[in-house]
Amino acid sequence: MAGAVLGGCNQLALAHGPELAPGADSTARWFLGALSSTALTAGITAFLLTIAARATAPLLARPRVRSLLPWWIALITFGFSAVYLLSVGLRAMSGAYLSHGAVQFGLNGNAHLFGAALDGFRLQLLGLVACCSLLAAAVAWHMRRALARASRVRRWELPAVVASAGLFPFALGDSLASESPEAAFAASLLPPTMSAPAPSGSSAATRPILGPPRESAQRWPGKLEGGRPNVLLLMLESVPAHRVGYMGYGRRLTPELDELASRSLVATRTWATSTHSNYAQMALLSSLFPRRGHGLDLYKHLDYPRVLFHDAMHGLGYSVAAISSQDERWQGMLRFQLTDTPVFRWHAPDHPGPHLDIGSELAAPDHVTVARAISWIAERQGAAWATTITLQATHFPYRLPPGEPEPLKPNEPQRGLFNYLSYPASDKQVAINRFDNALSYVDRQIGALKRYLRETDQLDDTLWVITSDHGEMFFEHDGVTHGKTLFEPEARVPLLFHWPRGLTPKRVDDPVSHLDVLPTIVDLLGAPPHPAFQGRSILEDGPKPRPVYMNIQGLRTSEGLVCYPWKLVVDHASARVRLHRLDTDPGETRDLARERVRTTEALRRTLGEQIRAQHAYYGKNDATRRAHFAPRLLPCPATPVDVPPGVAHSPARPAGDARAAPAAPDG
């Protein structure tokens, strides 16, 4: 009974929650998935309760045990149903069930994150406790009645439950992990198997992927010629490419940024390497693809070579700083950034005044951060400097310091319903207005930096690099905020390089990855690429189209590969593979995986080989890691010609299915 109730709650979540990745595509298939997931929940619940009853059956002769048994069973019911409904609630709000990565993400958050969750989801949590309590009370009542009728548990009950569990395999059809909380969590504990291996004897299987020897770094950077500009790497938060003025946004909210862009090298097709900050920002700073294992990387194992922005700049003779509005301890990011290089560091915990509550952490106001950066630059007294500046006002819920103008209205959401995971569609314009007000505030801070550099005669000889760590969704594909998918609004970001004395303004339409930013900075400074970098300078000639690898391992696990105009996404939460053609379908409304089978499989093999190489390199006690830098990024495969519709082809199963071809575990 309890399992059937929980299964029904799950079906309601599936019917009304966001569908961030294609799931069932026919009525029969949906019905089979619904029957499967409900049967699985009912069977697991009965199995757990029966096991608990059987374990205590020998003690039923004791009156105290007999009186406590219903409460023991009720406690098990409460715990299981609480976790189950929490997973169902997460699915209803974010599009994905509770996974191992999501648990890691939550447990590695700070105390403020838990406080914000308790405050922001107070009503939902009270409802969850009430439902679980009622369910547990019903089970306890049923158990007390059963004990009043019989002295022991019937012998046939456990075999019956086991037999019913034997019916589950028939239901383990396509995409059960996207329809069942239990299957989803179990799948997240296992190595992904969806990235197809290269077939034996294929050219992809023999391409070089080994990184350069670590001893090659001893010759870097060599002798540099000519003067060097100051370097300012400005990282915005959650700003999609299409929401800044110079990329065509209708609301002209970024005049300072747009003016810089008019005299810059602008990369018009740039993708973040991930859509959650703990991966996206560290990839940008290191030019390392953030896929190192099957679970969320919390940067606790740092036995691999890494050369970050401040390491490279210090090696080139700069005084370096890292100045940030965010709490860099979030998800272990500060651990990743700490190297032997002497760096001036300042982040949110160093600010003694009022902070901005962004849910996951307390951020320093961006104008305070910029003022601290200006103060540090002033202390250089003419010496070459390089700094990163990270701003945070455009992070959900887009709060501004008191007194800052907020001209766009309405900007007050419904109380109790506006949270990072989801908010009502009726608050969409409110969210956009809040974001745009915050973006305008951030743009004013860019103007403050610009004015200071102009007043001190440093503007024309400072290399500005401005980008965002990732984008943000406002109900595109039924999703909000970020960190949940690799769709374009989350993955596409602005990127410009501004250096009046060293760069000719132009637009670069070739695909660019965030992994290419640090190599491009080094290239502009006249140094050769560091062998630790996995990306390459956008000024460098090479195979085209340039591959863009992406990865998320937070609330859900997905990986992607852009070989423009093609974009492949493997989503493990829904057990699906999607293929989009971005030049003709920029909104990603049409999945071509079933039509372009060979294109899908070619991209999938390349992506799978890269993921396996990453896992192998970062695996336990790998001798390759001690002798070599990270594996090189594989180039885009040749796009094969697909068989016309109606002509038989192999494999016979549709490529859009996660199991269209046999796949070996990654690594």
# chains A, B, ... in the order shown; residues from 1 in each chain; ligands from 1

$ residues_around --residues "range 267-275 of chain A" --least-positions-apart "2" --cutoff "7 Å" --atoms "only C-alpha atoms" --output "number ranges by chain"
A: 265, 277, 279-280, 283, 469-470, 482-483, 486, 490-496, 507-514, 549-552

$ write_last_selection --atoms "C-alpha atoms" --output "mmCIF file, in the first residue's frame"
data_model
loop_
_atom_site.group_PDB
_atom_site.id
_atom_site.type_symbol
_atom_site.label_atom_id
_atom_site.label_comp_id
_atom_site.auth_asym_id
_atom_site.auth_seq_id
_atom_site.Cartn_x
_atom_site.Cartn_y
_atom_site.Cartn_z
ATOM 1 C CA LEU A 265 38.056 40.748 -30.794
ATOM 2 C CA SER A 277 30.366 27.251 -11.452
ATOM 3 C CA TYR A 279 33.445 23.138 -12.862
ATOM 4 C CA ALA A 280 33.021 26.038 -15.293
ATOM 5 C CA ALA A 283 38.101 24.918 -16.333
ATOM 6 C CA ASP A 469 31.227 31.246 -16.327
ATOM 7 C CA HIS A 470 28.022 29.883 -17.926
ATOM 8 C CA HIS A 482 21.591 26.809 -14.445
ATOM 9 C CA GLY A 483 23.579 23.674 -13.673
ATOM 10 C CA LEU A 486 23.737 21.679 -21.607
ATOM 11 C CA GLU A 490 22.949 27.627 -20.176
ATOM 12 C CA ALA A 491 26.033 26.763 -22.204
ATOM 13 C CA ARG A 492 26.592 29.715 -24.604
ATOM 14 C CA VAL A 493 28.436 32.696 -23.126
ATOM 15 C CA PRO A 494 29.844 36.074 -24.239
ATOM 16 C CA LEU A 495 33.605 36.362 -24.797
ATOM 17 C CA LEU A 496 35.738 39.316 -25.897
ATOM 18 C CA ARG A 507 34.374 39.127 -34.934
ATOM 19 C CA VAL A 508 35.397 35.490 -34.793
ATOM 20 C CA ASP A 509 32.551 33.164 -35.741
ATOM 21 C CA ASP A 510 34.468 29.907 -35.372
ATOM 22 C CA PRO A 511 33.484 27.764 -32.351
ATOM 23 C CA VAL A 512 35.421 28.567 -29.177
ATOM 24 C CA SER A 513 35.586 26.710 -25.877
ATOM 25 C CA HIS A 514 36.350 28.208 -22.479
ATOM 26 C CA TYR A 549 33.654 19.396 -25.024
ATOM 27 C CA MET A 550 31.197 19.990 -22.170
ATOM 28 C CA ASN A 551 30.316 18.194 -18.965
ATOM 29 C CA ILE A 552 28.096 18.512 -15.884
#

$ residues_around --residues "Pro529 in chain A" --least-positions-apart "4" --cutoff "10 Å" --atoms "only C-alpha atoms" --output "ChimeraX atom specification"
/A:217,220-221,312,518-523,533-537

$ write_last_selection --atoms "N, CA and C atoms" --output "mmCIF file, in the first residue's frame"
data_model
loop_
_atom_site.group_PDB
_atom_site.id
_atom_site.type_symbol
_atom_site.label_atom_id
_atom_site.label_comp_id
_atom_site.auth_asym_id
_atom_site.auth_seq_id
_atom_site.Cartn_x
_atom_site.Cartn_y
_atom_site.Cartn_z
ATOM 1 N N ALA A 217 57.608 21.100 -19.801
ATOM 2 C CA ALA A 217 57.287 22.385 -19.183
ATOM 3 C C ALA A 217 58.529 23.120 -18.705
ATOM 4 N N TRP A 220 59.350 26.103 -20.790
ATOM 5 C CA TRP A 220 58.347 27.158 -20.942
ATOM 6 C C TRP A 220 58.621 28.253 -19.917
ATOM 7 N N PRO A 221 58.502 29.569 -20.259
ATOM 8 C CA PRO A 221 57.976 30.087 -21.518
ATOM 9 C C PRO A 221 59.046 30.447 -22.536
ATOM 10 N N ALA A 312 50.520 30.829 -14.791
ATOM 11 C CA ALA A 312 51.067 31.220 -16.088
ATOM 12 C C ALA A 312 51.502 32.682 -16.082
ATOM 13 N N LEU A 518 42.560 30.676 -21.784
ATOM 14 C CA LEU A 518 43.898 30.838 -21.211
ATOM 15 C C LEU A 518 44.992 30.676 -22.265
ATOM 16 N N PRO A 519 44.931 29.668 -23.153
ATOM 17 C CA PRO A 519 45.933 29.598 -24.227
ATOM 18 C C PRO A 519 45.940 30.839 -25.116
ATOM 19 N N THR A 520 44.768 31.445 -25.340
ATOM 20 C CA THR A 520 44.710 32.654 -26.176
ATOM 21 C C THR A 520 45.387 33.826 -25.473
ATOM 22 N N ILE A 521 45.168 33.965 -24.165
ATOM 23 C CA ILE A 521 45.834 35.031 -23.410
ATOM 24 C C ILE A 521 47.343 34.889 -23.511
ATOM 25 N N VAL A 522 47.834 33.681 -23.294
ATOM 26 C CA VAL A 522 49.278 33.426 -23.369
ATOM 27 C C VAL A 522 49.802 33.720 -24.768
ATOM 28 N N ASP A 523 49.033 33.352 -25.782
ATOM 29 C CA ASP A 523 49.424 33.605 -27.168
ATOM 30 C C ASP A 523 49.518 35.103 -27.440
ATOM 31 N N PHE A 533 47.982 22.901 -20.966
ATOM 32 C CA PHE A 533 46.683 23.347 -21.454
ATOM 33 C C PHE A 533 46.073 22.301 -22.393
ATOM 34 N N GLN A 534 44.785 22.034 -22.227
ATOM 35 C CA GLN A 534 44.084 21.155 -23.165
ATOM 36 C C GLN A 534 43.441 21.935 -24.307
ATOM 37 N N GLY A 535 43.162 23.221 -24.096
ATOM 38 C CA GLY A 535 42.638 24.037 -25.177
ATOM 39 C C GLY A 535 43.754 24.586 -26.040
ATOM 40 N N ARG A 536 43.389 25.364 -27.049
ATOM 41 C CA ARG A 536 44.390 26.013 -27.896
ATOM 42 C C ARG A 536 43.910 27.411 -28.262
ATOM 43 N N SER A 537 44.861 28.272 -28.564
ATOM 44 C CA SER A 537 44.560 29.668 -28.857
ATOM 45 C C SER A 537 43.593 29.787 -30.027
#

$ select_by_dssp --residues "range 365-570 of chain A" --states "helix (DSSP H, G or I)" --output "ChimeraX atom specification"
/A:366-378,425-455,476-478,488-491,514-524

$ select_by_dssp --residues "range 234-355 of chain A" --states "strand (DSSP E or B)" --output "PyMOL selection string"
chain A and resi 234-236+265-267+270-271+319-324+344-346

$ write_last_selection --atoms "C-alpha atoms" --output "compact mmCIF listing (two decimals), in the first residue's frame"
# COMPACT_ATOMS: atom_id res chain seq x y z
CA LEU A 234 36.80 39.51 -15.76
CA MET A 235 34.41 36.65 -15.07
CA LEU A 236 30.70 37.44 -14.88
CA LEU A 265 38.06 40.75 -30.79
CA VAL A 266 34.63 39.23 -30.17
CA ALA A 267 34.13 35.45 -30.24
CA THR A 270 31.62 30.50 -27.31
CA TRP A 271 30.61 27.64 -25.05
CA SER A 319 52.36 40.37 -10.11
CA VAL A 320 49.13 38.37 -9.76
CA ALA A 321 45.86 38.55 -7.81
CA ALA A 322 42.54 36.69 -7.57
CA ILE A 323 39.74 39.01 -6.42
CA SER A 324 36.22 37.61 -6.20
CA PHE A 344 47.06 38.12 -3.54
CA ARG A 345 43.66 36.59 -2.74
CA TRP A 346 40.50 38.35 -1.68

$ atom_distance --atom1 "CA of Lys484 in chain A" --atom2 "CA of Glu609 in chain A"
23.6 Å

$ residues_around --residues "Gly502 in chain A" --least-positions-apart "4" --cutoff "9 Å" --atoms "only C-alpha atoms" --output "ChimeraX atom specification"
/A:229,460-461,463,498,524

$ closest_residue --among "A:Pro407, A:Gly353, A:Gly95, A:Gly560" --to "Gln610 in chain A" --atoms "only C-alpha atoms"
A:Gly560

$ atom_distance --atom1 "CA of Gln392 in chain A" --atom2 "CA of Leu439 in chain A"
9.8 Å

$ closest_residue --among "A:Ser440, A:Trp385, A:Ala146, A:Ser325" --to "His355 in chain A" --atoms "only C-alpha atoms"
A:Ser325

$ closest_residue --among "A:Lys300, A:Thr467, A:Thr600, A:Phe629" --to "Leu338 in chain A" --atoms "only C-alpha atoms"
A:Lys300

$ atom_distance --atom1 "CA of Thr557 in chain A" --atom2 "CA of Glu361 in chain A"
23.0 Å

$ residues_around --residues "Gln337 in chain A" --least-positions-apart "6" --cutoff "10 Å" --atoms "only C-alpha atoms" --output "PyMOL selection string"
chain A and resi 282+285-286+299+306-311+322+328-329

$ write_last_selection --atoms "N, CA and C atoms" --output "PDB file, in the first residue's frame"
ATOM      1  N   MET A 282      36.744  26.735 -12.834  1.00  0.00           N
ATOM      2  CA  MET A 282      38.051  26.110 -12.716  1.00  0.00           C
ATOM      3  C   MET A 282      38.574  25.661 -14.081  1.00  0.00           C
ATOM      4  N   LEU A 285      39.986  28.801 -15.720  1.00  0.00           N
ATOM      5  CA  LEU A 285      41.245  29.252 -15.137  1.00  0.00           C
ATOM      6  C   LEU A 285      42.405  28.315 -15.425  1.00  0.00           C
ATOM      7  N   SER A 286      42.127  27.079 -15.825  1.00  0.00           N
ATOM      8  CA  SER A 286      43.195  26.086 -15.965  1.00  0.00           C
ATOM      9  C   SER A 286      43.344  25.501 -17.353  1.00  0.00           C
ATOM     10  N   TYR A 299      37.646  18.257  -5.787  1.00  0.00           N
ATOM     11  CA  TYR A 299      39.022  18.766  -5.729  1.00  0.00           C
ATOM     12  C   TYR A 299      39.735  18.350  -4.441  1.00  0.00           C
ATOM     13  N   ARG A 306      48.678  20.978 -12.933  1.00  0.00           N
ATOM     14  CA  ARG A 306      47.752  22.001 -13.382  1.00  0.00           C
ATOM     15  C   ARG A 306      48.478  23.342 -13.347  1.00  0.00           C
ATOM     16  N   VAL A 307      48.263  24.138 -14.373  1.00  0.00           N
ATOM     17  CA  VAL A 307      48.842  25.474 -14.482  1.00  0.00           C
ATOM     18  C   VAL A 307      47.685  26.432 -14.675  1.00  0.00           C
ATOM     19  N   LEU A 308      47.369  27.182 -13.633  1.00  0.00           N
ATOM     20  CA  LEU A 308      46.234  28.090 -13.666  1.00  0.00           C
ATOM     21  C   LEU A 308      46.656  29.465 -14.186  1.00  0.00           C
ATOM     22  N   PHE A 309      45.664  30.328 -14.361  1.00  0.00           N
ATOM     23  CA  PHE A 309      45.917  31.674 -14.853  1.00  0.00           C
ATOM     24  C   PHE A 309      47.026  32.348 -14.063  1.00  0.00           C
ATOM     25  N   HIS A 310      46.941  32.325 -12.726  1.00  0.00           N
ATOM     26  CA  HIS A 310      47.942  33.036 -11.927  1.00  0.00           C
ATOM     27  C   HIS A 310      49.317  32.370 -12.025  1.00  0.00           C
ATOM     28  N   ASP A 311      49.360  31.051 -12.229  1.00  0.00           N
ATOM     29  CA  ASP A 311      50.650  30.374 -12.406  1.00  0.00           C
ATOM     30  C   ASP A 311      51.315  30.821 -13.709  1.00  0.00           C
ATOM     31  N   ALA A 322      43.841  37.318  -7.317  1.00  0.00           N
ATOM     32  CA  ALA A 322      42.543  36.693  -7.573  1.00  0.00           C
ATOM     33  C   ALA A 322      41.544  37.364  -6.641  1.00  0.00           C
ATOM     34  N   GLU A 328      35.055  31.472  -2.509  1.00  0.00           N
ATOM     35  CA  GLU A 328      35.810  30.535  -3.341  1.00  0.00           C
ATOM     36  C   GLU A 328      35.941  29.147  -2.710  1.00  0.00           C
ATOM     37  N   ARG A 329      35.470  28.991  -1.484  1.00  0.00           N
ATOM     38  CA  ARG A 329      35.494  27.666  -0.873  1.00  0.00           C
ATOM     39  C   ARG A 329      34.368  26.779  -1.384  1.00  0.00           C
TER      40      ARG A 329
END

$ closest_atom_pairs --of "range 428-465 of chain A" --to "range 411-424 of chain A" --cutoff "8 Å" --atoms "only C-alpha atoms" --output "tab-separated table"
residue	atom	partner	partner_atom	distance
A:Lys428	CA	A:Pro424	CA	7.2
A:Gln429	CA	A:Asn411	CA	8.0
A:Val430	CA	A:Asn411	CA	4.6
A:Ala431	CA	A:Asn411	CA	6.9
A:Asn433	CA	A:Asn411	CA	5.8
A:Arg434	CA	A:Asn411	CA	5.4

$ residues_around --residues "Pro401 in chain A" --least-positions-apart "2" --cutoff "10 Å" --atoms "only C-alpha atoms" --output "list of chain:residue names"
A:Pro354, A:His355, A:Leu356, A:Ala364, A:Pro365, A:Asp366, A:His367, A:Ala393, A:Arg399, A:Gly403, A:Glu404, A:Pro405, A:Ala438, A:Tyr441
